[in-house]
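Asks: Just so it is clear, I am handing over model-v2.txt, which has compact mmCIF, C-alpha atoms.
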```txt
# COMPACT_ATOMS: atom_id res chain seq x y z
CA MET W 427 -4.38 -20.70 25.22
CA THR W 428 -2.18 -17.82 26.26
CA ARG W 429 -2.99 -14.58 28.03
CA ASP W 430 -0.84 -12.16 26.03
CA SER W 431 -2.50 -11.08 22.80
CA GLY W 432 -5.13 -12.16 20.33
CA CYS W 433 -2.31 -13.21 18.01
CA GLU W 434 -1.09 -15.81 20.48
CA VAL W 435 -4.51 -17.37 20.96
CA GLN W 436 -5.08 -17.60 17.24
CA ASP W 437 -1.58 -19.00 16.68
CA ALA W 438 -2.13 -21.73 19.26
CA ARG W 439 -5.29 -22.90 17.51
CA ARG W 440 -4.21 -22.70 13.89
CA SER W 441 -0.40 -22.89 14.01
CA MET W 442 -0.25 -19.63 12.11
CA SER W 443 3.03 -18.41 10.62
CA TYR W 444 4.15 -15.02 9.37
CA ARG W 445 3.89 -16.62 5.91
CA ASP W 446 0.11 -16.66 6.40
CA LEU W 447 -0.02 -12.87 6.75
CA GLU W 448 -1.38 -11.18 3.65
CA ILE W 449 0.76 -8.12 4.35
CA TRP W 450 3.93 -10.25 4.38
CA LYS W 451 2.94 -11.82 1.06
CA LEU W 452 2.43 -8.40 -0.52
CA ALA W 453 5.67 -7.03 0.95
CA ARG W 454 7.60 -9.99 -0.41
CA GLN W 455 6.10 -9.51 -3.87
CA ILE W 456 7.17 -5.87 -3.75
CA ALA W 457 10.72 -6.78 -2.76
CA ILE W 458 10.99 -9.32 -5.58
CA ALA W 459 9.56 -6.85 -8.11
CA VAL W 460 11.90 -4.08 -6.95
CA HIS W 461 14.88 -6.42 -7.07
CA GLY W 462 14.10 -7.46 -10.64
CA MET W 463 13.40 -3.90 -11.73
CA THR W 464 16.71 -2.62 -10.40
CA LEU W 465 18.62 -5.29 -12.30
CA GLN W 466 16.69 -5.03 -15.58
CA ASN W 467 15.15 -1.60 -15.99
CA LEU W 468 17.56 0.93 -14.54
CA PRO W 469 20.39 2.58 -16.44
CA LYS W 470 23.87 1.29 -15.62
CA PHE W 471 24.84 4.45 -13.72
CA GLU W 472 21.98 3.80 -11.23
CA THR W 473 22.92 0.15 -10.66
CA TYR W 474 25.39 0.55 -7.81
CA GLU W 475 24.07 3.36 -5.65
CA GLU W 476 20.36 3.96 -6.05
CA ALA W 477 19.55 0.39 -7.10
CA SER W 478 21.38 -1.08 -4.15
CA GLN W 479 19.66 1.25 -1.70
CA ILE W 480 16.17 0.66 -3.07
CA ARG W 481 16.69 -3.12 -2.93
CA ARG W 482 17.68 -2.86 0.73
CA SER W 483 14.72 -0.65 1.64
CA ALA W 484 12.25 -2.91 -0.19
CA LYS W 485 13.62 -6.06 1.44
CA SER W 486 13.56 -4.34 4.81
CA ILE W 487 9.75 -4.05 4.60
CA PHE W 488 9.07 -7.77 4.74
CA ALA W 489 12.07 -8.48 6.96
CA ASN W 490 10.71 -6.15 9.65
CA ILE W 491 7.28 -7.78 9.39
CA VAL W 492 8.91 -11.16 9.98
CA GLU W 493 11.00 -9.92 12.91
CA GLY W 494 8.00 -8.18 14.46
CA TYR W 495 5.92 -11.32 14.08
CA GLY W 496 8.65 -13.24 15.88
CA ARG W 497 8.24 -10.82 18.79
CA ARG W 498 4.43 -10.75 18.71
CA ARG W 499 4.23 -12.04 22.26
CA TYR W 500 5.31 -8.54 23.29
CA LYS W 501 2.75 -6.24 21.71
CA GLN W 502 4.91 -3.10 21.83
CA GLU W 503 7.81 -4.90 20.14
CA PHE W 504 5.52 -6.19 17.42
CA ILE W 505 4.15 -2.70 16.83
CA ARG W 506 7.66 -1.21 16.81
CA PHE W 507 8.77 -3.51 14.00
CA LEU W 508 5.61 -2.82 12.03
CA VAL W 509 6.44 0.88 12.31
CA PHE W 510 9.94 0.09 10.97
CA ALA W 511 8.34 -1.80 8.07
CA HIS W 512 6.10 1.17 7.32
CA ALA W 513 9.12 3.52 7.39
CA SER W 514 10.98 1.23 4.97
CA CYS W 515 7.93 1.31 2.71
CA ASP W 516 8.02 5.13 2.76
CA GLU W 517 11.74 5.03 1.93
CA THR W 518 11.09 2.70 -1.00
CA ILE W 519 8.36 5.00 -2.30
CA GLU W 520 10.70 7.98 -2.11
CA HIS W 521 13.38 6.12 -4.09
CA LEU W 522 10.82 5.17 -6.73
CA GLN W 523 9.60 8.76 -6.98
CA VAL W 524 13.14 10.01 -7.53
CA LEU W 525 13.72 7.39 -10.22
CA PHE W 526 10.49 8.39 -12.00
CA GLU W 527 11.22 12.11 -11.69
CA THR W 528 14.75 11.75 -13.05
CA GLY W 529 13.56 9.58 -15.94
CA SER W 530 15.60 6.58 -14.86
CA LEU W 531 12.43 4.51 -14.46
CA THR W 532 9.42 4.78 -16.74
CA ASN W 533 7.43 1.59 -16.05
CA ASP W 534 4.64 2.33 -13.55
CA LEU W 535 3.64 -1.32 -12.93
CA LEU W 536 5.92 -1.48 -9.91
CA GLY W 537 4.40 1.73 -8.57
CA ARG W 538 0.95 0.21 -8.86
CA LYS W 539 2.03 -2.89 -6.90
CA LEU W 540 3.53 -0.69 -4.22
CA ASN W 541 0.31 1.31 -3.98
CA VAL W 542 -1.71 -1.87 -3.46
CA PHE W 543 0.64 -2.74 -0.61
CA ILE W 544 0.40 0.74 0.95
CA ASP W 545 -3.38 0.71 0.72
CA SER W 546 -3.44 -2.68 2.45
CA VAL W 547 -1.39 -1.28 5.32
CA GLU W 548 -3.55 1.82 5.59
CA ARG W 549 -6.77 -0.18 5.56
CA LEU W 550 -5.55 -2.14 8.55
CA HIS W 551 -5.00 1.06 10.51
CA ARG W 552 -8.00 3.19 9.60
CA THR W 553 -11.60 2.77 10.55
CA ASP W 554 -13.03 5.14 7.95
CA ARG W 555 -11.79 3.66 4.68
CA ARG W 556 -13.33 6.41 2.57
CA ASP W 557 -10.41 8.72 3.39
CA ILE W 558 -7.83 6.39 1.82
CA PRO W 559 -6.62 7.84 -1.50
CA ASP W 560 -7.37 5.95 -4.68
CA PRO W 561 -4.30 3.97 -5.87
CA GLU W 562 -4.74 5.35 -9.39
CA SER W 563 -4.39 8.92 -8.13
CA ARG W 564 -1.24 7.99 -6.22
CA ILE W 565 0.54 6.49 -9.20
CA ALA W 566 -0.42 9.36 -11.51
CA HIS W 567 2.01 11.74 -9.84
CA LEU W 568 4.78 9.13 -10.00
CA ALA W 569 4.50 8.68 -13.75
CA SER W 570 4.27 12.37 -14.62
```
Just give me the structure of the file as structure tokens.

Replies:
Amino acid sequence: MTRDSGCEVQDARRSMSYRDLEIWKLARQIAIAVHGMTLQNLPKFETYEEASQIRRSAKSIFANIVEGYGRRRYKQEFIRFLVFAHASCDETIEHLQVLFETGSLTNDLLGRKLNVFIDSVERLHRTDRRDIPDPESRIAHLAS
């Protein structure tokens, strides 16, 4: 057993990997969904600029979780990369909102998946879960 963090002790007993993290699994699903959406559902004129940027921001979410997990021995480093992942999530949301508002994207399934991911992150960081917005209310403004 190690002295650093609870993560280390648990890892030593179970040989845990970042692939076991539910948040990583959700982030990866989002990145794959965003990637597919940008190739299939966006107009051609969005393919090179907006599509490329949203793919990078979506992939950055899970990549930062992985990098932070690799540095979990140092709690502040781990937290720093989780903050980066959260910021990339916010960037991805903003890109999706712009695509919905401009009419370039009309399918709200991806927005729903992203909201599940965001709610998962927020639930990990809040003690009073009643103040977390309902995912349905979040997606409503994206689709309108």

Asks: So the first atom is CA of Phe507 in chain W and the second is CA of Ser486 in chain W; what is the distance between them in Å, to one decimal place?

Replies: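 So the two atoms, CA of Phe507 in chain W and CA of Ser486 in chain W, lie 10.4 Å apart.
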
Asks: W:Ala484, W:Ala477, W:Ile519, W:Met442: which is nearest Ile458 in chain W, counting only C-alpha atoms?

Replies: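 Among W:Ala484, W:Ala477, W:Ile519, W:Met442, it is W:Ala484 that comes nearest to Ile458 in chain W.
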
Asks: Counting all atoms listed in the file, what is within 10 Å of His461 in chain W, bar same-chain residues fewer than 2 positions away, as a list in words?

Replies: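 So the residues in contact are Gln455, Ile456, Ala457, Ile458, Ala459, Met463, Thr464, Leu465, Gln466, Ala477, Ser478, Ile480, Arg481, Arg482, Ala484 and Lys485 of chain W.
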
Asks: For C-alpha atoms, I'd like the residues from the last selection saved as an mmCIF file, in the coordinates of the input.

Replies:
```cif
data_model
loop_
_atom_site.group_PDB
_atom_site.id
_atom_site.type_symbol
_atom_site.label_atom_id
_atom_site.label_comp_id
_atom_site.auth_asym_id
_atom_site.auth_seq_id
_atom_site.Cartn_x
_atom_site.Cartn_y
_atom_site.Cartn_z
ATOM 1 C CA GLN W 455 6.100 -9.510 -3.870
ATOM 2 C CA ILE W 456 7.170 -5.870 -3.750
ATOM 3 C CA ALA W 457 10.720 -6.780 -2.760
ATOM 4 C CA ILE W 458 10.990 -9.320 -5.580
ATOM 5 C CA ALA W 459 9.560 -6.850 -8.110
ATOM 6 C CA MET W 463 13.400 -3.900 -11.730
ATOM 7 C CA THR W 464 16.710 -2.620 -10.400
ATOM 8 C CA LEU W 465 18.620 -5.290 -12.300
ATOM 9 C CA GLN W 466 16.690 -5.030 -15.580
ATOM 10 C CA ALA W 477 19.550 0.390 -7.100
ATOM 11 C CA SER W 478 21.380 -1.080 -4.150
ATOM 12 C CA ILE W 480 16.170 0.660 -3.070
ATOM 13 C CA ARG W 481 16.690 -3.120 -2.930
ATOM 14 C CA ARG W 482 17.680 -2.860 0.730
ATOM 15 C CA ALA W 484 12.250 -2.910 -0.190
ATOM 16 C CA LYS W 485 13.620 -6.060 1.440
#
```

Asks: Please identify all polymer residues lying at most 10 Å from the point (3.7, -8.1, 12.5) (file coordinates), using only C-alpha atoms, and present the result as a list of chain:residue names.

Replies: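 In the file's frame, the residues around the point are W:Cys433, W:Tyr444, W:Leu447, W:Ile449, W:Trp450, W:Phe488, W:Asn490, W:Ile491, W:Val492, W:Glu493, W:Gly494, W:Tyr495, W:Gly496, W:Arg497, W:Arg498, W:Lys501, W:Glu503, W:Phe504, W:Ile505, W:Arg506, W:Phe507, W:Leu508, W:Val509, W:Ala511.
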
Asks: Since we have the selection now, will you write its residues out, keeping C-alpha atoms, as a CSV table (one decimal), in the coordinates of the input?

Replies:
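And here's result35.csv as it stands now:
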```
chain,number,residue,atom,x,y,z
W,433,CYS,CA,-2.3,-13.2,18.0
W,444,TYR,CA,4.2,-15.0,9.4
W,447,LEU,CA,0.0,-12.9,6.8
W,449,ILE,CA,0.8,-8.1,4.4
W,450,TRP,CA,3.9,-10.2,4.4
W,488,PHE,CA,9.1,-7.8,4.7
W,490,ASN,CA,10.7,-6.2,9.6
W,491,ILE,CA,7.3,-7.8,9.4
W,492,VAL,CA,8.9,-11.2,10.0
W,493,GLU,CA,11.0,-9.9,12.9
W,494,GLY,CA,8.0,-8.2,14.5
W,495,TYR,CA,5.9,-11.3,14.1
W,496,GLY,CA,8.6,-13.2,15.9
W,497,ARG,CA,8.2,-10.8,18.8
W,498,ARG,CA,4.4,-10.8,18.7
W,501,LYS,CA,2.8,-6.2,21.7
W,503,GLU,CA,7.8,-4.9,20.1
W,504,PHE,CA,5.5,-6.2,17.4
W,505,ILE,CA,4.2,-2.7,16.8
W,506,ARG,CA,7.7,-1.2,16.8
W,507,PHE,CA,8.8,-3.5,14.0
W,508,LEU,CA,5.6,-2.8,12.0
W,509,VAL,CA,6.4,0.9,12.3
W,511,ALA,CA,8.3,-1.8,8.1
```

Asks: Closest to Ala489 in chain W among W:Arg454, W:Glu476, W:Gln523, W:Thr518, using all atoms listed in the file?

Replies: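 With all atoms listed in the file as the atom set, the closest residue is W:Arg454.
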